[in-house]
>>> print(open('start_0.csv').read())   # CSV, C-alpha atoms
chain,number,residue,atom,x,y,z
A,566,MET,CA,49.7,-5.2,7.2
A,567,PRO,CA,50.9,-4.6,10.8
A,568,VAL,CA,52.1,-7.9,12.2
A,569,SER,CA,53.7,-6.6,15.4
A,570,THR,CA,54.3,-3.4,17.3
A,571,HIS,CA,57.7,-3.0,15.6
A,572,THR,CA,59.0,-3.0,12.1
A,573,PRO,CA,61.4,-5.8,10.9
A,574,VAL,CA,64.8,-4.4,9.8
A,575,ASP,CA,67.0,-7.4,9.0
A,576,LEU,CA,68.0,-8.3,5.5
A,577,ASP,CA,66.3,-11.7,5.4
A,578,ALA,CA,63.0,-10.2,6.5
A,579,ALA,CA,63.3,-7.6,3.8
A,580,ARG,CA,63.2,-10.4,1.2
A,581,THR,CA,60.5,-12.5,2.9
A,582,ARG,CA,56.8,-11.9,2.4
A,583,PHE,CA,53.7,-13.6,3.7
A,584,ALA,CA,50.9,-14.7,1.3
A,585,ARG,CA,47.8,-12.6,1.1
A,586,ASP,CA,45.4,-13.0,4.0
A,587,SER,CA,42.4,-15.2,3.1
A,588,GLY,CA,40.0,-12.9,4.9
A,589,PHE,CA,40.4,-14.8,8.2
A,590,TYR,CA,42.3,-12.2,10.1
A,591,VAL,CA,40.1,-9.3,8.9
A,592,GLN,CA,37.0,-11.1,10.2
A,593,LEU,CA,38.7,-12.1,13.4
A,594,GLN,CA,39.8,-8.5,14.1
A,595,GLN,CA,36.2,-7.3,13.5
A,596,ARG,CA,34.9,-9.9,16.0
A,597,VAL,CA,37.5,-9.0,18.6
A,598,ALA,CA,36.7,-5.3,18.1
A,599,ALA,CA,33.0,-6.0,18.6
A,600,TYR,CA,33.8,-7.9,21.8
A,601,PHE,CA,35.5,-4.8,23.3
A,602,GLU,CA,32.8,-2.5,22.1
A,603,ARG,CA,30.1,-4.8,23.6
A,604,THR,CA,31.8,-5.2,26.9
A,605,GLY,CA,33.2,-1.7,27.2
A,606,CYS,CA,36.6,-3.1,28.3
A,607,SER,CA,39.9,-1.4,27.4
A,608,ARG,CA,42.3,-3.4,25.4
A,609,ARG,CA,44.9,-2.6,28.0
A,610,GLY,CA,45.2,-4.1,31.5
A,611,GLY,CA,43.7,-1.3,33.6
A,612,LEU,CA,43.2,-1.9,37.3
A,613,ALA,CA,43.6,-5.6,37.0
A,614,MET,CA,47.2,-5.2,35.7
A,615,HIS,CA,48.0,-2.5,38.2
A,616,LEU,CA,46.9,-4.7,41.1
A,617,LYS,CA,48.8,-7.7,39.7
A,618,THR,CA,51.9,-5.5,39.4
A,619,VAL,CA,51.7,-4.5,43.1
A,620,VAL,CA,51.2,-8.1,44.2
A,621,VAL,CA,54.1,-9.5,42.1
A,622,MET,CA,56.5,-6.7,43.0
A,623,LEU,CA,55.7,-6.9,46.7
A,624,ALA,CA,56.3,-10.6,46.5
A,625,PHE,CA,59.6,-10.1,44.8
A,626,ILE,CA,60.8,-7.5,47.4
A,627,CYS,CA,59.6,-9.5,50.4
A,628,THR,CA,61.2,-12.7,49.2
A,629,TYR,CA,64.5,-10.9,48.3
A,630,LEU,CA,64.6,-9.2,51.8
A,631,ALA,CA,63.9,-12.5,53.5
A,632,LEU,CA,66.6,-14.3,51.5
A,633,VAL,CA,69.3,-11.7,52.0
A,634,PHE,CA,68.6,-10.4,55.5
A,635,PHE,CA,66.8,-13.0,57.5
A,636,THR,CA,67.9,-16.5,56.5
A,637,LEU,CA,70.1,-18.3,59.0
A,638,ALA,CA,70.6,-21.7,57.4
A,639,TRP,CA,70.8,-23.2,53.9
A,640,TRP,CA,67.5,-25.1,54.4
A,641,GLN,CA,65.8,-21.7,54.8
A,642,ALA,CA,67.6,-20.1,51.9
A,643,LEU,CA,67.1,-22.8,49.3
A,644,PRO,CA,63.3,-22.6,49.1
A,645,LEU,CA,63.5,-18.8,49.2
A,646,ALA,CA,65.9,-18.8,46.3
A,647,VAL,CA,63.7,-21.1,44.2
A,648,LEU,CA,60.7,-18.9,45.1
A,649,LEU,CA,62.6,-15.7,44.2
A,650,GLY,CA,63.5,-17.2,40.8
A,651,ALA,CA,59.8,-18.1,40.2
A,652,ILE,CA,58.6,-14.7,41.2
A,653,THR,CA,61.2,-13.1,38.9
A,654,ALA,CA,59.8,-15.2,36.1
A,655,GLY,CA,56.4,-13.8,37.1
A,656,ILE,CA,57.7,-10.3,36.5
A,657,GLY,CA,58.8,-11.3,33.0
A,658,PHE,CA,55.6,-13.2,32.2
A,659,ASN,CA,53.3,-10.4,33.3
A,660,ILE,CA,54.7,-6.9,33.8
A,661,GLN,CA,57.7,-6.8,31.4
A,662,HIS,CA,56.0,-8.9,28.6
A,663,ASP,CA,52.9,-6.7,28.4
A,664,GLY,CA,54.9,-3.6,28.7
A,665,GLY,CA,57.3,-4.7,25.9
A,666,HIS,CA,54.3,-5.3,23.6
A,667,ARG,CA,52.7,-2.0,24.6
A,668,SER,CA,49.6,-3.7,26.0
A,669,TYR,CA,50.2,-2.9,29.6
A,670,SER,CA,48.9,0.6,29.6
A,671,SER,CA,47.3,3.2,27.4
A,672,SER,CA,50.2,5.5,28.3
A,673,ALA,CA,53.5,5.2,26.3
A,674,TRP,CA,55.4,5.9,29.5
A,675,GLY,CA,53.5,3.3,31.4
A,676,ASN,CA,54.4,0.7,28.8
A,677,ARG,CA,58.0,1.8,28.8
A,678,LEU,CA,58.3,1.6,32.6
A,679,ALA,CA,56.7,-1.9,32.6
A,680,ALA,CA,59.0,-3.0,29.8
A,681,MET,CA,62.0,-1.8,31.8
A,682,SER,CA,61.3,-4.2,34.6
A,683,LEU,CA,63.3,-6.6,32.4
A,684,ASP,CA,66.4,-4.6,33.2
A,685,LEU,CA,65.7,-5.0,36.9
A,686,ILE,CA,65.9,-8.7,36.6
A,687,GLY,CA,69.1,-8.7,34.5
A,688,GLY,CA,67.9,-8.5,30.9
A,689,SER,CA,67.7,-5.7,28.4
A,690,SER,CA,64.4,-4.2,27.3
A,691,PHE,CA,66.1,-2.7,24.3
A,692,LEU,CA,67.4,-6.0,23.0
A,693,TRP,CA,64.2,-7.8,23.8
A,694,ARG,CA,62.2,-5.4,21.7
A,695,HIS,CA,64.1,-6.5,18.6
A,696,LYS,CA,64.7,-10.2,19.5
A,697,HIS,CA,61.2,-11.0,20.6
A,698,GLY,CA,58.9,-8.2,19.4
A,699,VAL,CA,60.3,-8.3,15.9
A,700,MET,CA,62.1,-11.5,15.0
A,701,HIS,CA,60.0,-14.0,17.0
A,702,HIS,CA,56.6,-12.4,16.7
A,703,THR,CA,56.8,-11.8,13.0
A,704,TYR,CA,58.7,-14.8,11.7
A,705,THR,CA,57.7,-17.4,14.3
A,706,ASN,CA,59.4,-20.8,13.9
A,707,ILE,CA,61.2,-19.9,10.7
A,708,SER,CA,64.8,-21.1,11.2
A,709,GLY,CA,67.3,-18.5,10.4
A,710,MET,CA,64.8,-15.7,11.2
A,711,ASP,CA,63.2,-16.5,14.5
A,712,SER,CA,66.0,-15.9,17.1
A,713,ASP,CA,64.0,-17.8,19.7
A,714,ILE,CA,64.6,-21.1,18.0
A,715,ASP,CA,68.1,-20.2,16.7
A,716,VAL,CA,69.9,-20.6,20.0
A,717,GLY,CA,73.2,-22.2,18.9
A,718,ILE,CA,74.3,-25.6,17.8
A,719,VAL,CA,73.8,-27.5,21.1
A,720,PRO,CA,70.0,-27.8,20.9
A,721,ARG,CA,68.2,-28.7,17.7
A,722,LEU,CA,64.7,-27.2,18.0
A,723,ALA,CA,63.5,-27.3,14.4
A,724,PRO,CA,63.7,-30.0,11.7
A,725,THR,CA,65.2,-27.4,9.3
A,726,GLN,CA,68.3,-27.1,11.5
A,727,PRO,CA,71.3,-29.4,11.0
A,728,ARG,CA,71.7,-32.5,13.2
A,729,SER,CA,74.8,-33.6,14.9
A,730,ARG,CA,75.6,-36.7,17.0
A,731,LEU,CA,75.4,-34.7,20.1
A,732,HIS,CA,71.6,-34.1,19.5
A,733,ARG,CA,71.0,-37.8,20.1
A,734,TRP,CA,70.9,-37.0,23.9
A,735,GLN,CA,69.4,-33.5,23.8
A,736,HIS,CA,66.1,-34.7,25.4
A,737,ILE,CA,68.2,-35.4,28.5
A,738,TYR,CA,70.8,-32.6,28.6
A,739,ILE,CA,68.5,-29.8,27.4
A,740,TRP,CA,66.8,-29.3,30.8
A,741,PRO,CA,69.9,-28.0,32.7
A,742,LEU,CA,70.8,-25.9,29.7
A,743,TYR,CA,67.4,-24.2,29.9
A,744,GLY,CA,68.2,-23.4,33.5
A,745,LEU,CA,71.4,-21.8,32.5
A,746,MET,CA,69.8,-19.5,30.0
A,747,ALA,CA,69.1,-16.7,32.4
A,748,ILE,CA,72.6,-16.7,33.7
A,749,ARG,CA,73.9,-16.5,30.1
A,750,TRP,CA,71.9,-13.4,29.1
A,751,GLN,CA,72.3,-11.7,32.4
A,752,LEU,CA,76.1,-11.9,32.4
A,753,TYR,CA,77.2,-12.5,28.9
A,754,SER,CA,75.0,-12.6,25.8
A,755,ASP,CA,73.3,-9.2,26.2
A,756,PHE,CA,76.8,-7.5,26.3
A,757,ARG,CA,78.0,-9.5,23.3
A,758,GLU,CA,74.9,-8.7,21.2
A,759,LEU,CA,75.0,-5.0,22.0
A,760,ALA,CA,78.7,-4.9,21.1
A,761,ASP,CA,78.2,-6.9,17.8
A,762,GLY,CA,75.0,-5.1,16.8
A,763,ARG,CA,73.5,-8.4,15.8
A,764,ILE,CA,71.0,-10.9,17.2
A,765,GLY,CA,71.2,-14.4,15.9
A,766,GLY,CA,73.3,-13.1,12.9
A,767,HIS,CA,70.8,-10.4,12.1
A,768,PRO,CA,71.6,-6.7,12.5
A,769,PHE,CA,69.4,-4.4,14.5
A,770,PRO,CA,69.3,-0.6,14.6
A,771,ARG,CA,72.0,0.9,16.7
A,772,PRO,CA,70.7,2.1,20.1
A,773,GLN,CA,70.3,5.7,20.9
A,774,THR,CA,72.6,7.2,23.6
A,775,TRP,CA,69.9,7.0,26.3
A,776,GLU,CA,69.2,3.4,25.4
A,777,VAL,CA,72.9,2.5,25.8
A,778,LEU,CA,72.9,4.4,29.1
A,779,TRP,CA,69.9,2.6,30.4
A,780,PHE,CA,71.3,-0.7,29.3
A,781,PHE,CA,74.4,-0.3,31.5
A,782,LEU,CA,72.4,1.3,34.4
A,783,GLY,CA,70.1,-1.6,34.3
A,784,LYS,CA,72.9,-4.1,34.4
A,785,LEU,CA,74.6,-2.2,37.2
A,786,GLY,CA,71.3,-2.2,39.2
A,787,PHE,CA,70.9,-5.9,38.7
A,788,LEU,CA,74.5,-6.7,39.7
A,789,THR,CA,74.0,-4.6,42.8
A,790,ILE,CA,70.9,-6.4,43.8
A,791,ALA,CA,72.2,-9.9,42.8
A,792,PHE,CA,75.7,-9.6,44.2
A,793,VAL,CA,76.9,-6.4,45.8
A,794,VAL,CA,74.2,-6.2,48.5
A,795,PRO,CA,74.2,-9.9,49.4
A,796,LEU,CA,78.1,-9.9,49.6
A,797,CYS,CA,77.8,-7.3,52.4
A,798,PHE,CA,76.2,-9.9,54.6
A,799,HIS,CA,77.2,-13.4,53.3
A,800,PRO,CA,80.3,-15.2,52.1
A,801,VAL,CA,81.1,-15.3,48.4
A,802,TRP,CA,80.3,-18.9,47.9
A,803,THR,CA,76.9,-18.5,49.6
A,804,VAL,CA,76.0,-15.6,47.3
A,805,LEU,CA,77.1,-17.4,44.2
A,806,LEU,CA,75.3,-20.6,45.1
A,807,PHE,CA,71.9,-19.1,45.8
A,808,TYR,CA,72.2,-16.7,42.8
A,809,VAL,CA,72.6,-19.8,40.6
A,810,VAL,CA,69.6,-21.5,42.3
A,811,ALA,CA,67.4,-18.4,41.7
A,812,ALA,CA,68.7,-17.8,38.1
A,813,PHE,CA,68.4,-21.5,37.2
A,814,THR,CA,64.7,-21.5,38.3
A,815,LEU,CA,64.1,-18.3,36.3
A,816,GLY,CA,65.8,-19.7,33.2
A,817,LEU,CA,64.0,-23.1,33.4
A,818,LEU,CA,60.6,-21.5,33.7
A,819,LEU,CA,61.1,-18.9,30.9
A,820,SER,CA,62.5,-21.5,28.5
A,821,VAL,CA,59.9,-24.2,29.2
A,822,VAL,CA,56.9,-21.9,28.8
A,823,PHE,CA,58.2,-20.8,25.4
A,824,GLN,CA,59.0,-24.3,24.2
A,825,LEU,CA,55.5,-25.7,25.0
A,826,ALA,CA,54.0,-23.2,22.6
A,827,HIS,CA,56.4,-23.4,19.7
A,828,CYS,CA,58.7,-26.5,19.8
A,829,THR,CA,56.6,-29.6,19.8
A,830,GLY,CA,55.3,-32.0,17.1
A,831,ARG,CA,51.9,-30.2,17.2
A,832,VAL,CA,53.1,-27.1,15.4
A,833,GLU,CA,54.9,-26.4,12.1
A,834,PHE,CA,58.2,-24.9,11.0
A,835,PRO,CA,57.5,-23.2,7.7
A,836,VAL,CA,60.2,-22.6,5.0
A,837,PRO,CA,59.8,-19.6,2.6
A,838,HIS,CA,59.8,-20.6,-1.1
A,839,GLY,CA,61.3,-17.9,-3.3
A,840,GLY,CA,61.0,-15.5,-0.4
A,841,VAL,CA,57.3,-16.1,0.0
A,842,LEU,CA,55.6,-18.0,2.7
A,843,ASP,CA,52.6,-20.2,1.9
A,844,HIS,CA,50.1,-18.5,4.2
A,845,GLY,CA,49.2,-15.1,5.5
A,846,TRP,CA,50.7,-13.8,8.7
A,847,ALA,CA,47.8,-14.7,10.9
A,848,GLU,CA,47.4,-18.2,9.6
A,849,HIS,CA,51.2,-18.6,10.0
A,850,GLN,CA,50.9,-17.7,13.7
A,851,LEU,CA,48.2,-20.4,14.1
A,852,ARG,CA,50.3,-23.0,12.3
A,853,THR,CA,53.4,-22.3,14.5
A,854,THR,CA,51.8,-21.8,17.9
A,855,ALA,CA,49.9,-24.0,20.4
A,856,ASN,CA,48.0,-23.2,23.6
A,857,PHE,CA,48.4,-25.2,26.8
A,858,PRO,CA,45.6,-23.8,29.0
A,859,GLY,CA,45.7,-24.6,32.7
A,860,ARG,CA,42.8,-26.1,34.6
A,861,GLY,CA,42.6,-23.3,37.0
A,862,TRP,CA,42.9,-19.5,36.9
A,863,MET,CA,46.2,-19.5,38.9
A,864,THR,CA,48.2,-20.9,35.9
A,865,THR,CA,47.0,-18.2,33.6
A,866,TRP,CA,47.4,-15.6,36.3
A,867,PHE,CA,51.1,-16.6,37.0
A,868,LEU,CA,52.0,-17.1,33.3
A,869,GLY,CA,50.6,-13.8,32.2
A,870,GLY,CA,48.2,-15.5,29.8
A,871,LEU,CA,51.1,-17.2,28.0
A,872,ASP,CA,49.2,-20.5,28.2
A,873,TYR,CA,47.0,-18.7,25.6
A,874,GLN,CA,49.9,-18.2,23.1
A,875,ILE,CA,47.6,-18.3,20.1
A,876,GLU,CA,45.7,-15.3,21.2
A,877,HIS,CA,48.9,-13.6,22.3
A,878,HIS,CA,50.5,-14.1,18.9
A,879,LEU,CA,47.4,-12.9,17.0
A,880,PHE,CA,46.9,-9.9,19.3
A,881,PRO,CA,50.2,-9.0,21.0
A,882,ASN,CA,49.0,-5.4,21.7
A,883,ILE,CA,46.0,-6.6,23.8
A,884,CYS,CA,46.7,-7.2,27.5
A,885,HIS,CA,46.8,-10.8,28.6
A,886,VAL,CA,44.0,-10.4,31.0
A,887,HIS,CA,41.6,-10.6,28.1
A,888,TYR,CA,43.0,-13.8,26.5
A,889,PRO,CA,40.6,-16.4,28.1
A,890,ALA,CA,37.6,-14.4,26.9
A,891,LEU,CA,39.1,-14.0,23.4
A,892,ALA,CA,40.0,-17.7,23.0
A,893,PRO,CA,36.4,-18.9,22.1
A,894,ILE,CA,36.2,-16.1,19.5
A,895,VAL,CA,39.4,-17.1,17.9
A,896,LYS,CA,38.6,-20.8,18.0
A,897,ALA,CA,35.2,-20.3,16.4
A,898,THR,CA,36.6,-18.2,13.7
A,899,CYS,CA,39.3,-20.8,13.0
A,900,GLU,CA,36.7,-23.5,12.7
A,901,GLU,CA,34.7,-21.5,10.2
A,902,HIS,CA,37.7,-21.0,8.0
A,903,GLY,CA,39.0,-24.5,8.3
A,904,ILE,CA,42.2,-23.5,10.2
A,905,ALA,CA,43.5,-25.8,12.9
A,906,TYR,CA,43.4,-24.4,16.4
A,907,ARG,CA,46.3,-26.2,18.1
A,908,GLN,CA,46.2,-26.9,21.7
A,909,HIS,CA,47.7,-29.2,24.3
A,910,ALA,CA,45.4,-30.6,26.9
A,911,ASN,CA,47.3,-28.9,29.7
A,912,PHE,CA,50.7,-27.7,30.8
A,913,PHE,CA,52.0,-31.2,31.5
A,914,SER,CA,50.7,-32.5,28.3
A,915,GLY,CA,52.6,-29.8,26.5
A,916,LEU,CA,55.7,-30.5,28.6
A,917,TRP,CA,55.6,-34.2,27.5
A,918,ALA,CA,55.1,-33.2,23.9
A,919,HIS,CA,58.2,-31.0,24.0
A,920,ALA,CA,60.3,-33.8,25.6
A,921,CYS,CA,59.1,-36.2,22.8
A,922,TRP,CA,59.9,-33.6,20.2
A,923,MET,CA,63.4,-33.1,21.4
A,924,ARG,CA,64.0,-36.8,21.4
A,925,ARG,CA,62.6,-37.1,17.9
A,926,LEU,CA,64.8,-34.3,16.5
A,927,GLY,CA,67.8,-36.0,18.0
A,928,LEU,CA,67.3,-39.3,16.2
A,929,PRO,CA,69.5,-39.9,13.1
A,930,THR,CA,66.4,-40.8,11.1
A,931,HIS,CA,64.8,-37.4,11.6
A,932,GLN,CA,66.4,-35.4,8.8
A,933,VAL,CA,65.0,-32.6,6.6
>>> encode(input="start_0.csv", output="structure tokens")
Amino acid sequence: MPVSTHTPVDLDAARTRFARDSGFYVQLQQRVAAYFERTGCSRRGGLAMHLKTVVVMLAFICTYLALVFFTLAWWQALPLAVLLGAITAGIGFNIQHDGGHRSYSSSAWGNRLAAMSLDLIGGSSFLWRHKHGVMHHTYTNISGMDSDIDVGIVPRLAPTQPRSRLHRWQHIYIWPLYGLMAIRWQLYSDFRELADGRIGGHPFPRPQTWEVLWFFLGKLGFLTIAFVVPLCFHPVWTVLLFYVVAAFTLGLLLSVVFQLAHCTGRVEFPVPHGGVLDHGWAEHQLRTTANFPGRGWMTTWFLGGLDYQIEHHLFPNICHVHYPALAPIVKATCEEHGIAYRQHANFFSGLWAHACWMRRLGLPTHQV
């Protein structure tokens, strides 16, 4: 059964299997297919995504130019740096994310170019494909297999992970660490993972020559945009300061949006028994994922539909512009099969749930 757009290759995944589907996913796929046949819509983004891409990229370019070439004082630069970080997150939420899941365009090259926008903002589209597209989307919330929750010993995100005394305060110190995440992968962890050939302890296929070349060209392009060009017009301390502000905003937004869907007390953290999980792949996604729909269309627009994480995890190869329309179909099918459809009331409710979860995991009484 195809559970993502890529095939798992790590050794743990080779020994782990999902239980047989109960019939839920087959019926859901049929209903979603009927929706697209009835409406005549493409599963890809089409004109809506192309227009969004133009808007987001123009906003990025204009904000960058204003920050680097037209600011005269710190009080002008500070809000522009925050805005630049938020728009950069918007590139990741919308263009890169859909491109990486091959849901942006019906053209393979269109998807590849959209995915490569991650390299523009300092990441690696090659590493993301394995880290997110394979490990996270297949083995969601399984500690030791989902690299998105295995992020080191400082945060404890799952009850199956060991606890230390440091975790007692993680609900306080985790927020600045989230902000530093982007700086870490832009300047350090991507290089380390490429050199080691491992992500979260799991090996991934060695990149082809062109993938290595693009990795370093992407990093060079990002470093030029982030440091070389600004240093031609501003002092070193100014460039470093406002790089940190923009990157901190980017890291905080990316981290928080992921955590609301997967790291709260509303979802589960399954453990395989004898190499077999208790549920089929689709039901596993529903047990480990929660939505946090916004009250207005702007939240969904900016987040690239990631407030509808359930729909995204069940159908990662469908463009996010369709998720609000698919949500009632998914919810109704879940109700018929007696499967919980997990959802926070809104973004801030999910944020509070994550903060409470981090505090709970830090308590000495919360052991596996």
>>> closest_residue(input="start_0.csv", among="A:Met746, A:Leu731, A:Phe691, A:Leu825", to="Pro772 of chain A", atoms="all atoms listed in the file")
A:Phe691
>>> residues_around(input="start_0.csv", residues="Leu842 of chain A", least_positions_apart="4", cutoff="7 Å", atoms="all atoms listed in the file", output="list in words")
Arg582, Phe583, Ala584, Val836, Pro837 and His838 of chain A
>>> closest_residue(input="start_0.csv", among="A:Met614, A:Ala847, A:Ala918, A:Leu759", to="Ser689 of chain A", atoms="only C-alpha atoms")
A:Leu759
>>> closest_residue(input="start_0.csv", among="A:Leu891, A:Ala598, A:Leu871, A:Val886", to="Leu818 of chain A", atoms="all atoms listed in the file")
A:Leu871
>>> residues_around(input="start_0.csv", residues="Gln641 of chain A", least_positions_apart="6", cutoff="10 Å", atoms="all atoms listed in the file", output="number ranges by chain")
A: 631-632, 635
>>> atom_distance(input="start_0.csv", atom1="atom CA of Glu833 of chain A", atom2="atom CA of His849 of chain A")
8.9 Å
>>> closest_residue(input="start_0.csv", among="A:Cys828, A:Trp734, A:Gly861, A:Tyr888", to="Tyr873 of chain A", atoms="all atoms listed in the file")
A:Tyr888
>>> closest_residue(input="start_0.csv", among="A:Val716, A:Ala651, A:Ile707, A:Ala642", to="Pro835 of chain A", atoms="only C-alpha atoms")
A:Ile707
>>> residues_around(input="start_0.csv", residues="Gly765 of chain A", least_positions_apart="2", cutoff="7 Å", atoms="all atoms listed in the file", output="list in words")
Ser712, Asp715, Arg763 and His767 of chain A
>>> residues_around(input="start_0.csv", residues="Leu623 of chain A", least_positions_apart="4", cutoff="12 Å", atoms="all atoms listed in the file", output="list in words")
Leu616, Lys617, Thr618, Val619, Cys627, Thr628, Tyr629, Leu630, Leu649, Ile652, Thr653, Gly655 and Ile656 of chain A
>>> closest_residue(input="start_0.csv", among="A:Trp740, A:Trp866, A:Phe658, A:Tyr600", to="Val822 of chain A", atoms="all atoms listed in the file")
A:Phe658
>>> build_atoms(input="start_0.csv", residues="segment 868-892 of chain A", atoms="N, CA and C atoms", output="compact mmCIF listing (two decimals), keeping the file's coordinate frame")
# COMPACT_ATOMS: atom_id res chain seq x y z
N LEU A 868 51.34 -17.12 34.63
CA LEU A 868 52.00 -17.10 33.30
C LEU A 868 51.73 -15.88 32.50
N GLY A 869 50.93 -14.97 33.01
CA GLY A 869 50.60 -13.80 32.20
C GLY A 869 49.87 -14.09 30.96
N GLY A 870 49.01 -15.11 31.01
CA GLY A 870 48.20 -15.50 29.80
C GLY A 870 49.00 -16.17 28.75
N LEU A 871 50.26 -16.53 29.01
CA LEU A 871 51.10 -17.20 28.00
C LEU A 871 50.69 -18.60 27.71
N ASP A 872 49.79 -19.16 28.52
CA ASP A 872 49.20 -20.50 28.20
C ASP A 872 48.21 -20.30 27.03
N TYR A 873 47.82 -19.07 26.73
CA TYR A 873 47.00 -18.70 25.60
C TYR A 873 47.89 -18.07 24.52
N GLN A 874 48.88 -18.81 24.05
CA GLN A 874 49.90 -18.20 23.10
C GLN A 874 49.25 -17.89 21.78
N ILE A 875 48.24 -18.61 21.34
CA ILE A 875 47.60 -18.30 20.10
C ILE A 875 47.05 -16.88 20.09
N GLU A 876 46.27 -16.60 21.12
CA GLU A 876 45.70 -15.30 21.20
C GLU A 876 46.74 -14.21 21.38
N HIS A 877 47.81 -14.54 22.11
CA HIS A 877 48.90 -13.60 22.30
C HIS A 877 49.57 -13.27 20.95
N HIS A 878 49.81 -14.29 20.15
CA HIS A 878 50.50 -14.10 18.90
C HIS A 878 49.63 -13.33 17.87
N LEU A 879 48.34 -13.56 17.92
CA LEU A 879 47.40 -12.90 17.00
C LEU A 879 47.18 -11.43 17.43
N PHE A 880 47.21 -11.19 18.75
CA PHE A 880 46.90 -9.90 19.30
C PHE A 880 47.91 -9.48 20.37
N PRO A 881 49.18 -9.29 20.01
CA PRO A 881 50.20 -9.00 21.00
C PRO A 881 49.99 -7.64 21.71
N ASN A 882 49.21 -6.75 21.07
CA ASN A 882 49.00 -5.40 21.70
C ASN A 882 47.73 -5.37 22.53
N ILE A 883 47.13 -6.54 22.82
CA ILE A 883 46.00 -6.60 23.80
C ILE A 883 46.53 -7.26 25.05
N CYS A 884 46.19 -6.68 26.18
CA CYS A 884 46.70 -7.20 27.50
C CYS A 884 46.23 -8.61 27.71
N HIS A 885 47.08 -9.37 28.37
CA HIS A 885 46.80 -10.80 28.60
C HIS A 885 45.62 -11.12 29.41
N VAL A 886 45.14 -10.15 30.20
CA VAL A 886 44.00 -10.40 31.00
C VAL A 886 42.73 -10.76 30.21
N HIS A 887 42.75 -10.41 28.92
CA HIS A 887 41.60 -10.60 28.10
C HIS A 887 41.67 -11.97 27.28
N TYR A 888 42.80 -12.65 27.32
CA TYR A 888 43.00 -13.80 26.50
C TYR A 888 41.96 -14.94 26.70
N PRO A 889 41.65 -15.29 27.95
CA PRO A 889 40.60 -16.40 28.10
C PRO A 889 39.30 -16.03 27.50
N ALA A 890 38.91 -14.76 27.51
CA ALA A 890 37.60 -14.40 26.90
C ALA A 890 37.73 -14.34 25.38
N LEU A 891 38.91 -14.05 24.83
CA LEU A 891 39.10 -14.00 23.40
C LEU A 891 39.24 -15.38 22.77
N ALA A 892 39.69 -16.36 23.56
CA ALA A 892 40.00 -17.70 23.00
C ALA A 892 38.77 -18.31 22.30
